[in-house]
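Report on the structure given below.
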Amino acid sequence: MQTIDNYNFAGKKAFVRVDFNVPLDENFNITDDTRIRAALPTLKKILNDGGSVIIGSHLGRPKGVTDKFSLKHILGHVSELMGVDVQFVNDCVSEEAAVKAAALQPGEALLLENLRFYAEEEGKPRGLAEDATEEEKAAAKKAIKESQKEFTKKLASYADCYVNDAFGTAHRAHASTALIAQYFDKDNKMFGYLMEKEVKAVDKILNDIQRPFTAIMGGSKVSSKIDIIQNLLGKVDNLIIAGGMTYTFTKAMGGNIGLSICEADKLDLAIDLMNKAKEKGVNLVLAVDAKIADSFSNDAKSKFVPVDQIPDGWEGLDIGPESEKIFADVIKESKTILWNGPTGVFEFDNFAHGSLAVGEAIVEATKKGAFSLVGGGDSVACVNKFGLADGVSYVSTGGGALLEAIEGKKLPGIAAIEE
Ligand code: AMP
């Protein structure tokens, strides 16, 4: 497989798919430019080699051309960070785009307009009438797949090589994230530096495990984490279940959970997971106490109680000190750690202590040599809130992509380069 380090971009044009899907405020100022910064090593390597770049990205979820989602809003900041005057074309596949791409000189960069302004990027029909018949839907699907081919070919035609540095969309088989790769031979397509790091981190968690391996799964719902939990049960030594999921398990075991969030239709599943853990010899660790509140608010009245004795009218919003200690003891003895999802409503300062304790235990284990991967949107927000990002081995930029990779799925954006 080709690697970016081994590739000499001198005199070459590279189509680089990045994830510049950054948050903007109402005046179109970027409120967090982490994703742009994350792609800089790749973009700079190409320019420093004497190559030129055609940068493709999506922004938001537009369903057609929408000024609010135009990449023109970020052009100035991208230029500033890259240290070159990045050119812009308010389109992706027009004659103008082709001309501008063709005219690029070594060291120059061109940012294409939001790829998702085109239905062809995602390959899904748009604007179908609500009462469309099955036949009409099938015809629209066929038509978009056909025009997607042309769209993809056109994007590929701008460049001599393809670099995918957009891990955040690697789980999508879109035109610019996966399909485009087929127009480049294996020596002319590769991962960018960010993508390489992400792939390596996931591989370490899935295939190069130093034991004990502990996963901490938090967040709100069992239903959204079930596939990952199932996959991890075959791999981990310890599985710590935290966050809102706790109460589905507690209720399944007959405990009183008051108003705590609970998926009533997942009680059997919780029991099933506990049995599977036992069968596989996995140490399933659940909270024993909770910090409960009399309303869903940072300023609610609160107290600590055993997790299965939550009074009516109260709800569990975080783990309690005994659980913190149990979790931390397990984490500190671990050599491989995956953290996905907070232990409670960490957005409320008064219910963030459990997540902080877990984060600190992970940092301590990492200092002793453990490999720790933190990923999934909210855990990243969590480590950033507590200033712990530098103390863990790797903080993933991927939300859905990371979760699907950990579920054991082959991501289309990765497969397209590796095959
Ligand atoms: P997820 O996106 O599934 O990882 O869930 C993250 C969200 O779960 C965060 O916004 C937390 O506030 C929320 N959460 C964690 N614990 C609880 C809880 N005990 N009750 C309600 N929400 C929770």
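Residues in the structure tokens are named by chain (A, B, ... in the order shown) and by number from 1 within that chain; ligands are numbered from 1 in the order shown.
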
Open item on the list: Please return as a ChimeraX atom specification the residues found within 6 Å of ligand 1, counting only C-alpha atoms and all ligand atoms.
Closed with: /A:219-221,243-244,261,316-318,341-347,378

Write the residues of the preceding selection, restricted to N, CA and C atoms, as a PDB file, in the first residue's frame.
```pdb
ATOM      1  N   GLY A 219     -22.457   7.147  28.115  1.00  0.00           N
ATOM      2  CA  GLY A 219     -23.428   7.750  27.207  1.00  0.00           C
ATOM      3  C   GLY A 219     -24.844   7.417  27.622  1.00  0.00           C
ATOM      4  N   SER A 220     -25.772   7.693  26.723  1.00  0.00           N
ATOM      5  CA  SER A 220     -27.156   7.640  27.169  1.00  0.00           C
ATOM      6  C   SER A 220     -27.858   6.311  26.938  1.00  0.00           C
ATOM      7  N   LYS A 221     -27.655   5.696  25.776  1.00  0.00           N
ATOM      8  CA  LYS A 221     -28.536   4.574  25.430  1.00  0.00           C
ATOM      9  C   LYS A 221     -27.809   3.276  25.129  1.00  0.00           C
ATOM     10  N   GLY A 243     -22.866   5.820  32.659  1.00  0.00           N
ATOM     11  CA  GLY A 243     -23.792   6.757  32.033  1.00  0.00           C
ATOM     12  C   GLY A 243     -25.247   6.302  32.160  1.00  0.00           C
ATOM     13  N   GLY A 244     -26.070   6.832  31.268  1.00  0.00           N
ATOM     14  CA  GLY A 244     -27.503   6.532  31.323  1.00  0.00           C
ATOM     15  C   GLY A 244     -27.824   5.059  31.138  1.00  0.00           C
ATOM     16  N   ILE A 261     -33.116   7.715  33.196  1.00  0.00           N
ATOM     17  CA  ILE A 261     -33.418   7.262  31.838  1.00  0.00           C
ATOM     18  C   ILE A 261     -33.248   5.750  31.762  1.00  0.00           C
ATOM     19  N   GLY A 316     -30.888   9.407  38.368  1.00  0.00           N
ATOM     20  CA  GLY A 316     -29.430   9.296  38.449  1.00  0.00           C
ATOM     21  C   GLY A 316     -28.791  10.099  37.329  1.00  0.00           C
ATOM     22  N   LEU A 317     -27.938  11.052  37.703  1.00  0.00           N
ATOM     23  CA  LEU A 317     -27.267  11.859  36.654  1.00  0.00           C
ATOM     24  C   LEU A 317     -25.760  11.633  36.632  1.00  0.00           C
ATOM     25  N   ASP A 318     -25.241  10.867  37.601  1.00  0.00           N
ATOM     26  CA  ASP A 318     -23.815  10.514  37.549  1.00  0.00           C
ATOM     27  C   ASP A 318     -23.589   9.340  38.489  1.00  0.00           C
ATOM     28  N   GLY A 341     -17.962   7.594  25.830  1.00  0.00           N
ATOM     29  CA  GLY A 341     -19.186   8.039  26.513  1.00  0.00           C
ATOM     30  C   GLY A 341     -18.961   8.371  27.977  1.00  0.00           C
ATOM     31  N   PRO A 342     -19.516   9.500  28.423  1.00  0.00           N
ATOM     32  CA  PRO A 342     -19.337   9.962  29.806  1.00  0.00           C
ATOM     33  C   PRO A 342     -20.094   9.080  30.819  1.00  0.00           C
ATOM     34  N   THR A 343     -19.706   9.189  32.093  1.00  0.00           N
ATOM     35  CA  THR A 343     -20.375   8.384  33.134  1.00  0.00           C
ATOM     36  C   THR A 343     -21.668   9.049  33.600  1.00  0.00           C
ATOM     37  N   GLY A 344     -21.873  10.286  33.173  1.00  0.00           N
ATOM     38  CA  GLY A 344     -23.075  10.997  33.606  1.00  0.00           C
ATOM     39  C   GLY A 344     -23.283  12.222  32.739  1.00  0.00           C
ATOM     40  N   VAL A 345     -24.147  13.093  33.210  1.00  0.00           N
ATOM     41  CA  VAL A 345     -24.434  14.309  32.442  1.00  0.00           C
ATOM     42  C   VAL A 345     -23.303  15.315  32.702  1.00  0.00           C
ATOM     43  N   PHE A 346     -22.169  15.070  32.039  1.00  0.00           N
ATOM     44  CA  PHE A 346     -20.944  15.845  32.323  1.00  0.00           C
ATOM     45  C   PHE A 346     -21.092  17.314  31.931  1.00  0.00           C
ATOM     46  N   GLU A 347     -22.098  17.608  31.084  1.00  0.00           N
ATOM     47  CA  GLU A 347     -22.324  19.009  30.675  1.00  0.00           C
ATOM     48  C   GLU A 347     -22.718  19.854  31.886  1.00  0.00           C
ATOM     49  N   ASP A 378     -18.892  12.716  22.513  1.00  0.00           N
ATOM     50  CA  ASP A 378     -19.000  13.241  23.868  1.00  0.00           C
ATOM     51  C   ASP A 378     -17.802  12.949  24.761  1.00  0.00           C
TER      52      ASP A 378
END
```

- [ ] May I have the residues within 12 Å of Pro41 (chain A) as a PyMOL selection string, using only C-alpha atoms and disregarding those fewer than 3 positions away in the same chain?
- [x] chain A and resi 4-5+18+35-38+44-48+81-82+165+192-197

Task: Best match for closeness to Glu122 (chain A) among A:Thr250, A:Glu80, A:Ile228, A:Thr169, counting only C-alpha atoms - done: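 Of A:Thr250, A:Glu80, A:Ile228, A:Thr169, the one nearest Glu122 (chain A) is A:Thr169, counting only C-alpha atoms.
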
- [ ] Within 8 Å of region 175-184 of chain A, counting only C-alpha atoms, which residues show up once you throw out same-chain ones fewer than 2 positions away? Write them as JSON, numbers by chain, please.
- [x] {"A": [17, 56, 115, 120, 121, 122, 123, 148, 151, 152, 153, 155, 156, 160, 161, 162, 164, 166, 169, 170, 172, 173, 186, 187, 188, 189, 412, 413, 414, 415, 416, 417]}

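Closest to Ser57 (chain A) among A:Leu112, A:Leu411, A:Ala39, A:Leu338 is A:Leu112, based on only C-alpha atoms.
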
Open item on the list: Measuring between only C-alpha atoms, which one of A:His174, A:Lys154, A:Lys225, A:Lys63 shows the shortest distance to Arg126 (chain A)?
Closed with: A:Lys63
